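K.L.:
Here it is: the structure, laid out below.
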Amino acid sequence: MTSSMKGKICLVTGATHGIGRETALALAELGATVVLVSRSPEETAAVALMIQAKTSSRNIDYLIADLASFKQIYRLVDEFRRRYGHLHALVNNAGGVFFRRQLSPDNLEMTLALNHLSPFLLTNLLLDTLKSSAPSRIITVSSLAHALGRIHFEDLQFTRHYDGWAAYAQSKLANVLFTNELARRLAGSLVTANAVHPGYVATNFGMNNGWFYRLIFNLGRVVAMSPRQASETIVYLASSSEVEGVSGKYFVNKKARRSSEISYDAGIGGHLWQVSQVMTGLGR
């Protein structure tokens, strides 16, 4: 069962489309103050107005940031802290898949930067706020694709041979490893961290990769679930009393499931954390 979120503050990344937009809307319907994060001022403002109109809530806000940029993540966190003193639910939803190797504004491989290093940095920068607001929750959107991934420590950025699917699977495994390591570090606190596979969803995901991949993804939409259906597990993890105190789990359809065996390797998770600290500048 979901609970009322009145008086709670939620931050949702990737909030203008698909799962992120439906998650933000559902949390607003439960009474939460929802802060949308996306990179387009026009689209984000339009979604905020849509949610306000549908929920009659005045507690809808938004912040603009390209989450592939560490500089903009720092700016986002500073602005959030200036506006709000608390944070009760952080939803790390933004992400993408890139079948042609691209670089982020920090000259890092885009899949790793956007899908893993971005939520890693954002979450760490907001941890003090989350701890002071406890009980609070961190939900990171992963994928079933994590089970096909491995962490290529010898070449995390695929500089020698780029494979878009392998880069994506690596980043989704990194999401689960990050969640598990974060849960270990937060043990004994009232801040929980969980990962979620939302399911195969009919969204614009993957449509940035040219006509061939647009065709493939559009064909897949025939059997895909709606973004609203896919958002249900995320909203459940952010709001339900049933998962109060539950941490370090991987959820599918509102149930904790066993993720891939490698995702439980604390040695790999700890090493990835250290490498991620260095890559984001937090290790300085």
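Note on naming: chains are A, B, ... as they come in the structure tokens, residues start from 1 per chain, ligands start from 1 in the order shown.
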DSSP on the backbone, then: every residue of stretch 34-164 of chain A marked strand (DSSP E), written as a list in words.

P.N.:
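Residues meeting the strand (DSSP E) criterion: Val34, Val35, Leu36, Val37, Ser38, Ile60, Asp61, Tyr62, Leu63, Ile64, Ala89, Leu90, Val91, Asn92, Ser136, Arg137, Ile138, Ile139, Thr140 and Val141 of chain A.
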
K.L.:
What does the file look like for those residues with C-alpha atoms, as an mmCIF file, in the first residue's frame?

P.N.:
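Wrote it out as out03.cif, contents follow:
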data_model
loop_
_atom_site.group_PDB
_atom_site.id
_atom_site.type_symbol
_atom_site.label_atom_id
_atom_site.label_comp_id
_atom_site.auth_asym_id
_atom_site.auth_seq_id
_atom_site.Cartn_x
_atom_site.Cartn_y
_atom_site.Cartn_z
ATOM 1 C CA VAL A 34 7.778 17.291 -6.046
ATOM 2 C CA VAL A 35 10.874 18.865 -7.571
ATOM 3 C CA LEU A 36 11.346 17.920 -11.226
ATOM 4 C CA VAL A 37 14.823 17.802 -12.731
ATOM 5 C CA SER A 38 15.509 17.883 -16.465
ATOM 6 C CA ILE A 60 5.388 21.449 -7.798
ATOM 7 C CA ASP A 61 8.806 22.912 -8.529
ATOM 8 C CA TYR A 62 11.552 22.280 -11.045
ATOM 9 C CA LEU A 63 15.285 22.704 -11.494
ATOM 10 C CA ILE A 64 17.226 22.671 -14.750
ATOM 11 C CA ALA A 89 12.847 10.736 -1.446
ATOM 12 C CA LEU A 90 15.459 10.938 -4.183
ATOM 13 C CA VAL A 91 14.533 9.168 -7.428
ATOM 14 C CA ASN A 92 17.542 8.649 -9.701
ATOM 15 C CA SER A 136 14.285 9.096 3.787
ATOM 16 C CA ARG A 137 14.660 6.935 0.710
ATOM 17 C CA ILE A 138 16.898 6.675 -2.344
ATOM 18 C CA ILE A 139 15.547 4.848 -5.387
ATOM 19 C CA THR A 140 17.806 4.228 -8.378
ATOM 20 C CA VAL A 141 16.343 2.992 -11.647
#

K.L.:
Just the helix (DSSP H, G or I) stuff from stretch 9-176 of chain A, please, per backbone DSSP, written as a VMD selection string.

P.N.:
chain A and resid 18 to 29 41 to 55 70 to 83 110 to 132 144 to 148 153 to 155 164 to 176

K.L.:
Please determine, counting only C-alpha atoms, which residue among A:Ala53, A:Leu282, A:Leu237, A:Val47 has the shortest atom-to-atom distance to A:Leu122.

P.N.:
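The closest residue to A:Leu122 is A:Leu282.
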
K.L.:
Considering only C-alpha atoms, state which residue in the set A:Ser259, A:Ser276, A:Ser231, A:Ser143 is at the smallest distance from A:Phe178.

P.N.:
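Of the candidates, the smallest distance to A:Phe178 is held by A:Ser276.
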
K.L.:
Quick one: of A:Ile151, A:Leu103, A:Val235, A:Val243, who's nearest to A:Thr192, counting only C-alpha atoms?

P.N.:
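Looking only at the distances to A:Thr192, the closest residue turns out to be A:Val243.
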
K.L.:
Find the residue from A:Leu76, A:Ala45, A:Val246, A:Leu126 that sits nearest to A:Ala187; use only C-alpha atoms when measuring.

P.N.:
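Closest candidate: A:Val246.
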
K.L.:
For atom CA of A:Thr233 and atom CA of A:Asn253, quote the distance in Å rounded to one decimal.

P.N.:
5.8 Å

K.L.:
Quick one: residues within 9 Å of A:Leu121, only C-alpha atoms, excluding same-chain residues fewer than 3 positions away - as a PyMOL selection string?

P.N.:
chain A and resi 70+73-74+116-118+124-126+276-277+280-282

K.L.:
Residues of the last selection are to be written out with C-alpha atoms, as a compact mmCIF listing (two decimals), in the first residue's frame.

P.N.:
# COMPACT_ATOMS: atom_id res chain seq x y z
CA PHE A 70 29.27 17.39 -12.97
CA ILE A 73 24.99 18.69 -10.77
CA TYR A 74 26.84 20.81 -8.21
CA HIS A 116 26.14 5.80 -13.19
CA LEU A 117 28.44 8.68 -12.31
CA SER A 118 25.60 11.21 -12.35
CA ASN A 124 26.52 11.72 -2.42
CA LEU A 125 26.10 15.49 -2.57
CA LEU A 126 22.58 15.18 -1.14
CA SER A 276 33.69 6.62 -9.06
CA GLN A 277 34.89 8.97 -6.32
CA THR A 280 33.62 12.55 -10.15
CA GLY A 281 36.20 14.45 -8.10
CA LEU A 282 34.74 13.39 -4.76

K.L.:
Mind checking which residues fall within 10 Å of A:Ala266, counting only C-alpha atoms, ignoring those fewer than 6 positions away in the same chain, and posting them as a list in words?

P.N.:
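With the cut-off at 10 Å, the set is Leu177, Asn180, Glu181, Arg184 and Leu272 of chain A.
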
K.L.:
Might you pull out every residue within 12 Å of A:Asn107, with only C-alpha atoms counted and same-chain residues fewer than 3 positions away left off, and present them as an MDAnalysis selection string?

P.N.:
chainID A and resid 68:70 101:104 110:114 157 159 279:280
